[in-house]
Amino acid sequence: MILRKPFLSECTLDAPAGPLYFIRLPYLETMKPSPAPPTLRLRVTPAAETKIRQGHPWVFDGSVRAQNRPGVDGELAAVFDRHDQFLAVGLYDAHSPIRLRVLHHGKPARIDAAWFAENLARSLSARAGLADAATDGLRLVNGENDHWPGLVLDRYADVLVLKIYTAAWFPRLPLLVNLLNARLPHRAIVLRHSRNIRHDEYRDGMTLSGPPVTAPVIFHEHGLKFHADVACGQKTGFFLDQRDNRRRVGQLAAGRAVLNVFSHTGGFSLHAARGGARAVTSVDLSPRALAELRDNWRLNVGDATVRACPHEEIQADAFDWLARERRRYSLIILDPPSLARREADRPAALRAYQRLARAGLRLLADGGILVCASCTAHINAEEFINTIRATVTASGKPMRELALTAHAPDHPVTVRELAYLKAVFLQHRAPLS
Ligand code: SAH
């Protein structure tokens with residue numbers, strides 16, 4: 001329903017940076033020439049009001065009860081409650097079921113360049129001291145969890161990668177580029193966007209600022225070197241969220257025969273090798289990921305421990321390969337891609353985790369360590385851990401839990417539903433001899 005008159009309350013909001021279309025509604029025609037239509041205002045269901053007050057960052061299309069005019073992708077919209085009290089302001093997305101992504105809730109605020117600058121400063125200061133001197137690949141902005149809904153900013157050495165998950169950010173890219181140019185030293189800014197959004201001018205992988213980035217960027221993680229394919233790689237070019245788990249694997253690897261399943265470009269494999277693994281086997285379905293793993297291995301042969309570590313790479317479907325494999329390993333990492341796209345895929349995903357853990361337990365040598373990770377957002381940490389525990393119990397193998405872990409701290413989770421990464425480190429209790 002379109003409201004025929006503006007809401008009563010006023011909120012102090014700037015006109016959006018993007019173009020606004022003039023909407024011919026009766027009440028607008030009675031207002032003498034106006035340079036821009038009034039602020040877009042939404043009323044939402046009582047349930048959505050409660051969620052916004054609790055800090056939830058999304059308003060779904062089905063929760064919008066009324067608006068004063070049609071909205072345009074990327075413009076600011078304010079939400080008011082039943083009593084015309086300001087609730088929140090966010091980015092409107094006419095084409096997404098997430099109709100509004102909240103930038104700010106609570107007291108009315110002016111959302112302008114200064115607000116975005118302050119928001120960035122908050123995100124950066126929250127990461128002060130998080131990276132050690134030997135790490136220059138870091139998430140600087142973690143979307144909704146940092147009050148940047150639908151936007152991620154990663155740094156790989158001197159290259160910034162801005163990834164957007166909603167078309168609502170397109171009109172604000174010039175503002176963001178100015179902000180990053182002013183606040184963060186860098187060689188270039190690369191734009192990535194999720195597959196479901198399109199723009200004629202802003203293509204996925206293009207360089208927004210600085211000389212075009214056409215080759216993978218070399219960055220450091222705890223002293224190891226990696227390539228990040230910032231223009232075409234998965235996510236923003238690397239799985240930064242697993243950084244702390246990779247370091248932990250490195251610390252546990254000395255003298256062990258390591259199996260890294262779903263190895264991707266070799267993050268866990270290289271940490272294990274540098275940690276003194278006796279040998280490393282990496283398994284992935286993607287020849288491209290394995291080629292990148294080889295490149296990453298070459299980057300690190302200057303390290304004598306990596307150079308001395310035998311490495312075998314296997315291109316195979318992990319489920320089939322694990323079922324056939326007969327050798328034993330003393331450190332096994334199972335880090336599959338997300339296994340459920342929709343809620344309906346959950347039972348199958350849980351069965352797949354069970355299958356993987358069962359295979360891992362079967363291949364585990366006495367005293368061996370098994371690391372089971374899950375990045376499936378539709379499965380929460382409790383369900384995942386319970387599935388792994390039940391599989392361990394059914395196997396009859398005595399295992400003790402060394403650690404339950406989540407995202408690295410540069411990926412803070414303030415919105416519970418947006419937590420996706422969980423991992424459990426288990427060690428076999430070898431019988432006393
Ligand atoms: N552990 C990695 C990230 C894993 S991403 C890291 O730290 O960087 C998931 C990987 O699983 C991808 O490389 C993908 O190619 C691979 N993959 C997906 N399905 C697979 C399958 N059925 N068998 C083996 N590998 C698979």
# chains A, B, ... in the order shown; residues from 1 in each chain; ligands from 1
$ residues_near_ligand --ligand "ligand 1" --cutoff "6 Å" --atoms "only C-alpha atoms and all ligand atoms" --output "ChimeraX atom specification"
/A:239,242,262-265,267-268,284-286,289,316-318,335-337
$ write_last_selection --atoms "all heavy atoms" --output "tab-separated table (two decimals), in the first residue's frame"
chain	number	residue	atom	x	y	z
A	239	PHE	N	40.16	-17.43	1.78
A	239	PHE	CA	39.24	-17.67	2.90
A	239	PHE	C	39.89	-17.15	4.18
A	239	PHE	O	40.42	-17.91	4.99
A	239	PHE	CB	38.91	-19.16	3.00
A	239	PHE	CG	38.03	-19.64	1.88
A	239	PHE	CD1	38.56	-20.11	0.70
A	239	PHE	CD2	36.65	-19.57	2.01
A	239	PHE	CE1	37.75	-20.52	-0.35
A	239	PHE	CE2	35.81	-19.98	0.96
A	239	PHE	CZ	36.37	-20.46	-0.21
A	242	GLN	N	39.33	-18.45	8.03
A	242	GLN	CA	39.95	-19.64	8.65
A	242	GLN	C	41.36	-19.36	9.18
A	242	GLN	O	42.07	-20.30	9.55
A	242	GLN	CB	40.04	-20.78	7.61
A	242	GLN	CG	38.71	-21.44	7.26
A	242	GLN	CD	38.32	-22.46	8.32
A	242	GLN	OE1	38.69	-22.36	9.48
A	242	GLN	NE2	37.55	-23.46	7.92
A	262	PHE	N	39.48	-30.94	0.79
A	262	PHE	CA	38.90	-29.67	0.36
A	262	PHE	C	39.97	-28.58	0.56
A	262	PHE	O	39.74	-27.55	1.17
A	262	PHE	CB	37.62	-29.30	1.13
A	262	PHE	CG	36.57	-30.38	1.13
A	262	PHE	CD1	36.44	-31.26	2.20
A	262	PHE	CD2	35.71	-30.52	0.04
A	262	PHE	CE1	35.47	-32.25	2.20
A	262	PHE	CE2	34.72	-31.51	0.04
A	262	PHE	CZ	34.61	-32.38	1.12
A	263	SER	N	41.14	-28.88	0.03
A	263	SER	CA	42.33	-28.07	0.34
A	263	SER	C	42.29	-26.68	-0.26
A	263	SER	O	43.00	-25.79	0.18
A	263	SER	CB	43.59	-28.77	-0.15
A	263	SER	OG	43.51	-28.95	-1.55
A	264	HIS	N	41.49	-26.50	-1.33
A	264	HIS	CA	41.44	-25.21	-2.04
A	264	HIS	C	42.87	-24.81	-2.41
A	264	HIS	O	43.61	-25.62	-2.94
A	264	HIS	CB	40.71	-24.18	-1.18
A	264	HIS	CG	40.31	-22.96	-1.95
A	264	HIS	ND1	39.66	-23.01	-3.15
A	264	HIS	CD2	40.49	-21.64	-1.68
A	264	HIS	CE1	39.45	-21.78	-3.59
A	264	HIS	NE2	39.95	-20.93	-2.73
A	265	THR	N	43.30	-23.59	-2.10
A	265	THR	CA	44.61	-23.14	-2.59
A	265	THR	C	45.72	-23.44	-1.58
A	265	THR	O	46.82	-22.90	-1.68
A	265	THR	CB	44.57	-21.63	-2.92
A	265	THR	OG1	44.18	-20.92	-1.74
A	265	THR	CG2	43.57	-21.35	-4.01
A	267	GLY	N	45.84	-23.32	2.02
A	267	GLY	CA	46.06	-22.60	3.28
A	267	GLY	C	46.47	-23.53	4.41
A	267	GLY	O	47.53	-23.36	5.02
A	268	PHE	N	45.63	-24.53	4.69
A	268	PHE	CA	45.94	-25.47	5.78
A	268	PHE	C	47.21	-26.28	5.45
A	268	PHE	O	48.02	-26.57	6.32
A	268	PHE	CB	44.78	-26.42	6.05
A	268	PHE	CG	43.65	-25.80	6.83
A	268	PHE	CD1	42.44	-25.47	6.23
A	268	PHE	CD2	43.79	-25.57	8.20
A	268	PHE	CE1	41.40	-24.91	6.97
A	268	PHE	CE2	42.76	-25.02	8.95
A	268	PHE	CZ	41.56	-24.68	8.32
A	284	ASP	N	41.44	-31.91	-3.59
A	284	ASP	CA	40.40	-30.96	-4.00
A	284	ASP	C	39.87	-31.38	-5.36
A	284	ASP	O	40.59	-31.98	-6.17
A	284	ASP	CB	40.97	-29.53	-4.07
A	284	ASP	CG	39.87	-28.48	-3.97
A	284	ASP	OD1	39.16	-28.26	-4.97
A	284	ASP	OD2	39.70	-27.88	-2.88
A	285	LEU	N	38.62	-31.05	-5.60
A	285	LEU	CA	37.99	-31.40	-6.87
A	285	LEU	C	38.45	-30.47	-7.99
A	285	LEU	O	38.47	-30.84	-9.17
A	285	LEU	CB	36.46	-31.27	-6.68
A	285	LEU	CG	35.54	-31.71	-7.79
A	285	LEU	CD1	35.77	-33.18	-8.13
A	285	LEU	CD2	34.09	-31.48	-7.38
A	286	SER	N	38.83	-29.26	-7.63
A	286	SER	CA	39.07	-28.23	-8.65
A	286	SER	C	40.54	-28.21	-9.09
A	286	SER	O	41.44	-27.90	-8.30
A	286	SER	CB	38.69	-26.87	-8.06
A	286	SER	OG	39.39	-25.84	-8.69
A	289	ALA	N	42.04	-24.82	-8.34
A	289	ALA	CA	42.44	-24.59	-6.94
A	289	ALA	C	43.79	-25.28	-6.69
A	289	ALA	O	44.67	-24.72	-6.02
A	289	ALA	CB	41.38	-25.13	-5.99
A	316	ALA	N	40.31	-34.97	-6.92
A	316	ALA	CA	39.27	-36.01	-6.80
A	316	ALA	C	38.07	-35.45	-6.05
A	316	ALA	O	38.18	-34.44	-5.34
A	316	ALA	CB	39.82	-37.20	-6.02
A	317	ASP	N	36.96	-36.16	-6.23
A	317	ASP	CA	35.81	-35.87	-5.39
A	317	ASP	C	36.13	-36.42	-4.00
A	317	ASP	O	36.45	-37.61	-3.84
A	317	ASP	CB	34.55	-36.55	-5.94
A	317	ASP	CG	33.38	-36.39	-4.99
A	317	ASP	OD1	32.71	-35.35	-5.08
A	317	ASP	OD2	33.18	-37.27	-4.13
A	318	ALA	N	36.05	-35.55	-3.01
A	318	ALA	CA	36.50	-35.93	-1.67
A	318	ALA	C	35.72	-37.11	-1.10
A	318	ALA	O	36.30	-37.99	-0.46
A	318	ALA	CB	36.37	-34.72	-0.74
A	335	ASP	N	37.40	-29.50	5.51
A	335	ASP	CA	36.81	-28.15	5.45
A	335	ASP	C	36.04	-27.98	4.15
A	335	ASP	O	36.47	-27.26	3.25
A	335	ASP	CB	37.93	-27.09	5.56
A	335	ASP	CG	37.38	-25.67	5.53
A	335	ASP	OD1	36.22	-25.47	5.93
A	335	ASP	OD2	38.12	-24.75	5.11
A	336	PRO	N	34.87	-28.64	4.04
A	336	PRO	CA	34.13	-28.60	2.78
A	336	PRO	C	33.50	-27.22	2.52
A	336	PRO	O	33.39	-26.41	3.45
A	336	PRO	CB	33.02	-29.64	2.99
A	336	PRO	CG	32.82	-29.70	4.46
A	336	PRO	CD	34.16	-29.42	5.07
A	337	PRO	N	33.06	-26.99	1.27
A	337	PRO	CA	32.31	-25.74	1.01
A	337	PRO	C	30.96	-25.83	1.70
A	337	PRO	O	30.61	-26.87	2.26
A	337	PRO	CB	32.14	-25.76	-0.52
A	337	PRO	CG	32.22	-27.20	-0.90
A	337	PRO	CD	33.14	-27.85	0.10
$ residues_around --residues "range 190-198 of chain A" --least-positions-apart "2" --cutoff "12 Å" --atoms "only C-alpha atoms" --output "PyMOL selection string"
chain A and resi 73+93+95-96+150-156+158-170+173-174+176-177+180+186-188+200-217+228-237
$ closest_residue --among "A:Leu421, A:Leu103, A:Leu299, A:Leu138" --to "Trp115 in chain A" --atoms "only C-alpha atoms"
A:Leu103
$ closest_atom_pairs --of "range 378-432 of chain A" --to "range 45-61 of chain A" --cutoff "10 Å" --atoms "only C-alpha atoms" --output "CSV"
residue,atom,partner,partner_atom,distance
A:Thr414,CA,A:Gly55,CA,9.2
A:Val415,CA,A:His56,CA,7.0
A:Arg416,CA,A:His56,CA,9.3
A:Glu417,CA,A:His56,CA,9.4
$ select_by_dssp --residues "range 149-322 of chain A" --states "alpha helix (DSSP H)" --output "PyMOL selection string"
chain A and resi 173-183+243-252+267-274+287-299+304-308+318-322
$ closest_residue --among "A:Glu221, A:Asp112, A:Asp81, A:Glu383" --to "Asn296 in chain A" --atoms "only C-alpha atoms"
A:Glu221
$ closest_residue --among "A:Thr387, A:Thr39, A:Ser269, A:Thr376" --to "Leu293 in chain A" --atoms "only C-alpha atoms"
A:Ser269
$ residues_around --residues "Val64 in chain A" --least-positions-apart "4" --cutoff "7 Å" --atoms "only C-alpha atoms" --output "ChimeraX atom specification"
/A:42-45
$ closest_residue --among "A:Ala134, A:Ala257, A:Ala352, A:Ala377" --to "Glu312 in chain A" --atoms "only C-alpha atoms"
A:Ala257
$ atom_distance --atom1 "CA of Gly129 in chain A" --atom2 "CA of Leu179 in chain A"
22.2 Å
$ atom_distance --atom1 "CA of Gln251 in chain A" --atom2 "CA of Leu270 in chain A"
11.9 Å
$ select_by_dssp --residues "range 91-253 of chain A" --states "strand (DSSP E or B)" --output "compact mmCIF listing (two decimals) with N, CA, C and O atoms, in the first residue's frame"
# COMPACT_ATOMS: atom_id res chain seq x y z
N LEU A 91 19.53 1.26 3.80
CA LEU A 91 19.57 1.29 2.34
C LEU A 91 18.40 0.49 1.80
O LEU A 91 18.21 -0.68 2.16
N TYR A 92 17.66 1.12 0.91
CA TYR A 92 16.48 0.48 0.33
C TYR A 92 16.91 -0.30 -0.90
O TYR A 92 17.73 0.15 -1.70
N ILE A 98 15.24 -8.72 0.85
CA ILE A 98 15.69 -7.89 1.98
C ILE A 98 15.49 -6.44 1.52
O ILE A 98 16.33 -5.86 0.83
N ARG A 99 14.34 -5.88 1.86
CA ARG A 99 13.94 -4.58 1.29
C ARG A 99 14.76 -3.45 1.89
O ARG A 99 15.06 -2.45 1.23
N LEU A 100 15.15 -3.59 3.15
CA LEU A 100 15.94 -2.53 3.78
C LEU A 100 17.06 -3.15 4.60
O LEU A 100 16.84 -4.08 5.35
N ARG A 101 18.26 -2.60 4.44
CA ARG A 101 19.40 -3.03 5.26
C ARG A 101 19.74 -1.87 6.18
O ARG A 101 20.09 -0.78 5.73
N VAL A 102 19.64 -2.13 7.45
CA VAL A 102 19.75 -1.06 8.44
C VAL A 102 21.20 -0.60 8.59
O VAL A 102 22.11 -1.40 8.83
N LEU A 103 21.39 0.71 8.44
CA LEU A 103 22.71 1.30 8.69
C LEU A 103 22.80 1.74 10.14
O LEU A 103 23.85 1.65 10.77
N HIS A 104 21.68 2.24 10.63
CA HIS A 104 21.71 2.84 11.97
C HIS A 104 20.31 2.71 12.59
O HIS A 104 19.32 2.90 11.90
N HIS A 105 20.25 2.37 13.87
CA HIS A 105 18.95 2.38 14.55
C HIS A 105 19.10 3.10 15.88
O HIS A 105 20.20 3.32 16.38
N GLY A 137 46.90 -9.83 5.40
CA GLY A 137 45.60 -10.14 4.79
C GLY A 137 44.58 -10.12 5.89
O GLY A 137 44.64 -10.93 6.83
N LEU A 138 43.66 -9.17 5.84
CA LEU A 138 42.77 -8.94 6.98
C LEU A 138 41.42 -8.43 6.50
O LEU A 138 41.35 -7.65 5.54
N ARG A 139 40.36 -8.86 7.17
CA ARG A 139 39.04 -8.27 6.89
C ARG A 139 38.91 -6.98 7.69
O ARG A 139 39.08 -6.98 8.92
N LEU A 140 38.61 -5.89 7.00
CA LEU A 140 38.51 -4.59 7.67
C LEU A 140 37.07 -4.23 7.97
O LEU A 140 36.79 -3.46 8.89
N VAL A 141 36.15 -4.75 7.16
CA VAL A 141 34.73 -4.48 7.38
C VAL A 141 33.97 -5.79 7.14
O VAL A 141 34.13 -6.41 6.10
N ASN A 142 33.18 -6.18 8.13
CA ASN A 142 32.50 -7.48 8.04
C ASN A 142 30.98 -7.30 7.98
O ASN A 142 30.24 -7.75 8.84
N LEU A 151 28.10 -5.37 2.80
CA LEU A 151 29.38 -4.87 2.28
C LEU A 151 30.55 -5.43 3.09
O LEU A 151 30.51 -5.43 4.32
N VAL A 152 31.55 -5.90 2.37
CA VAL A 152 32.74 -6.44 3.01
C VAL A 152 33.96 -5.72 2.44
O VAL A 152 33.99 -5.40 1.25
N LEU A 153 34.93 -5.44 3.29
CA LEU A 153 36.17 -4.84 2.80
C LEU A 153 37.34 -5.66 3.33
O LEU A 153 37.49 -5.81 4.55
N ASP A 154 38.13 -6.22 2.42
CA ASP A 154 39.30 -7.00 2.81
C ASP A 154 40.56 -6.32 2.30
O ASP A 154 40.54 -5.68 1.23
N ARG A 155 41.63 -6.47 3.07
CA ARG A 155 42.93 -5.96 2.62
C ARG A 155 43.84 -7.14 2.33
O ARG A 155 43.95 -8.06 3.13
N TYR A 156 44.46 -7.13 1.17
CA TYR A 156 45.52 -8.08 0.84
C TYR A 156 46.75 -7.26 0.52
O TYR A 156 46.81 -6.63 -0.55
N VAL A 159 46.42 -3.98 -1.52
CA VAL A 159 45.21 -3.95 -2.37
C VAL A 159 43.97 -4.12 -1.48
O VAL A 159 43.91 -5.02 -0.64
N LEU A 160 43.01 -3.22 -1.69
CA LEU A 160 41.74 -3.33 -0.96
C LEU A 160 40.71 -3.97 -1.87
O LEU A 160 40.65 -3.66 -3.06
N VAL A 161 39.92 -4.87 -1.32
CA VAL A 161 38.85 -5.50 -2.11
C VAL A 161 37.52 -5.19 -1.43
O VAL A 161 37.31 -5.52 -0.27
N LEU A 162 36.67 -4.53 -2.20
CA LEU A 162 35.36 -4.13 -1.70
C LEU A 162 34.34 -5.07 -2.32
O LEU A 162 34.24 -5.13 -3.55
N LYS A 163 33.65 -5.83 -1.49
CA LYS A 163 32.66 -6.76 -2.06
C LYS A 163 31.27 -6.36 -1.60
O LYS A 163 31.05 -6.18 -0.40
N ILE A 164 30.36 -6.23 -2.57
CA ILE A 164 29.00 -5.83 -2.20
C ILE A 164 28.03 -6.96 -2.53
O ILE A 164 28.19 -7.67 -3.52
N ALA A 188 45.56 -0.10 -4.84
CA ALA A 188 44.38 -0.20 -5.70
C ALA A 188 43.17 -0.67 -4.89
O ALA A 188 43.32 -1.28 -3.84
N ILE A 189 41.99 -0.37 -5.44
CA ILE A 189 40.75 -0.89 -4.86
C ILE A 189 40.06 -1.72 -5.94
O ILE A 189 39.82 -1.23 -7.05
N VAL A 190 39.76 -2.97 -5.60
CA VAL A 190 39.08 -3.86 -6.56
C VAL A 190 37.64 -4.06 -6.09
O VAL A 190 37.40 -4.22 -4.89
N LEU A 191 36.73 -4.04 -7.05
CA LEU A 191 35.32 -4.25 -6.72
C LEU A 191 34.91 -5.68 -7.00
O LEU A 191 35.20 -6.22 -8.07
N ARG A 192 34.28 -6.31 -6.05
CA ARG A 192 33.64 -7.61 -6.29
C ARG A 192 32.17 -7.48 -5.95
O ARG A 192 31.81 -6.71 -5.07
N HIS A 193 31.33 -8.18 -6.71
CA HIS A 193 29.95 -8.23 -6.24
C HIS A 193 29.37 -9.62 -6.38
O HIS A 193 29.84 -10.44 -7.17
N THR A 207 38.87 -2.79 -11.32
CA THR A 207 39.62 -1.95 -10.39
C THR A 207 38.94 -0.59 -10.32
O THR A 207 38.72 0.05 -11.35
N LEU A 208 38.60 -0.16 -9.13
CA LEU A 208 37.87 1.11 -8.97
C LEU A 208 38.84 2.28 -8.81
O LEU A 208 38.48 3.42 -9.07
N SER A 209 40.03 1.99 -8.33
CA SER A 209 40.98 3.07 -8.05
C SER A 209 42.38 2.49 -8.16
O SER A 209 42.60 1.35 -7.74
N VAL A 217 47.29 -11.13 -6.08
CA VAL A 217 48.08 -10.28 -5.17
C VAL A 217 48.78 -11.19 -4.15
O VAL A 217 48.16 -12.10 -3.60
N ILE A 218 50.04 -10.94 -3.90
CA ILE A 218 50.76 -11.73 -2.89
C ILE A 218 50.62 -11.04 -1.53
O ILE A 218 50.87 -9.84 -1.40
N PHE A 219 50.16 -11.81 -0.55
CA PHE A 219 50.04 -11.26 0.81
C PHE A 219 50.59 -12.27 1.80
O PHE A 219 51.00 -13.38 1.41
N HIS A 220 50.63 -11.91 3.07
CA HIS A 220 51.23 -12.76 4.11
C HIS A 220 50.20 -13.16 5.16
O HIS A 220 49.37 -12.35 5.55
N GLU A 221 50.30 -14.42 5.57
CA GLU A 221 49.48 -14.87 6.70
C GLU A 221 50.42 -15.58 7.67
O GLU A 221 50.99 -16.62 7.33
N LEU A 224 53.63 -16.78 6.18
CA LEU A 224 53.59 -17.54 4.93
C LEU A 224 53.07 -16.61 3.83
O LEU A 224 52.30 -15.69 4.09
N LYS A 225 53.49 -16.93 2.59
CA LYS A 225 53.03 -16.10 1.47
C LYS A 225 51.90 -16.82 0.72
O LYS A 225 51.98 -18.05 0.52
N PHE A 226 50.90 -16.06 0.31
CA PHE A 226 49.80 -16.64 -0.47
C PHE A 226 49.43 -15.69 -1.59
O PHE A 226 49.61 -14.48 -1.49
N HIS A 227 48.88 -16.28 -2.67
CA HIS A 227 48.26 -15.48 -3.72
C HIS A 227 46.79 -15.30 -3.39
O HIS A 227 46.14 -16.27 -3.00
N ALA A 228 46.28 -14.11 -3.58
CA ALA A 228 44.83 -13.91 -3.52
C ALA A 228 44.38 -13.49 -4.91
O ALA A 228 44.86 -12.48 -5.43
$ closest_residue --among "A:Ala419, A:Asn145, A:Ala109, A:His222" --to "Asp132 in chain A" --atoms "only C-alpha atoms"
A:His222
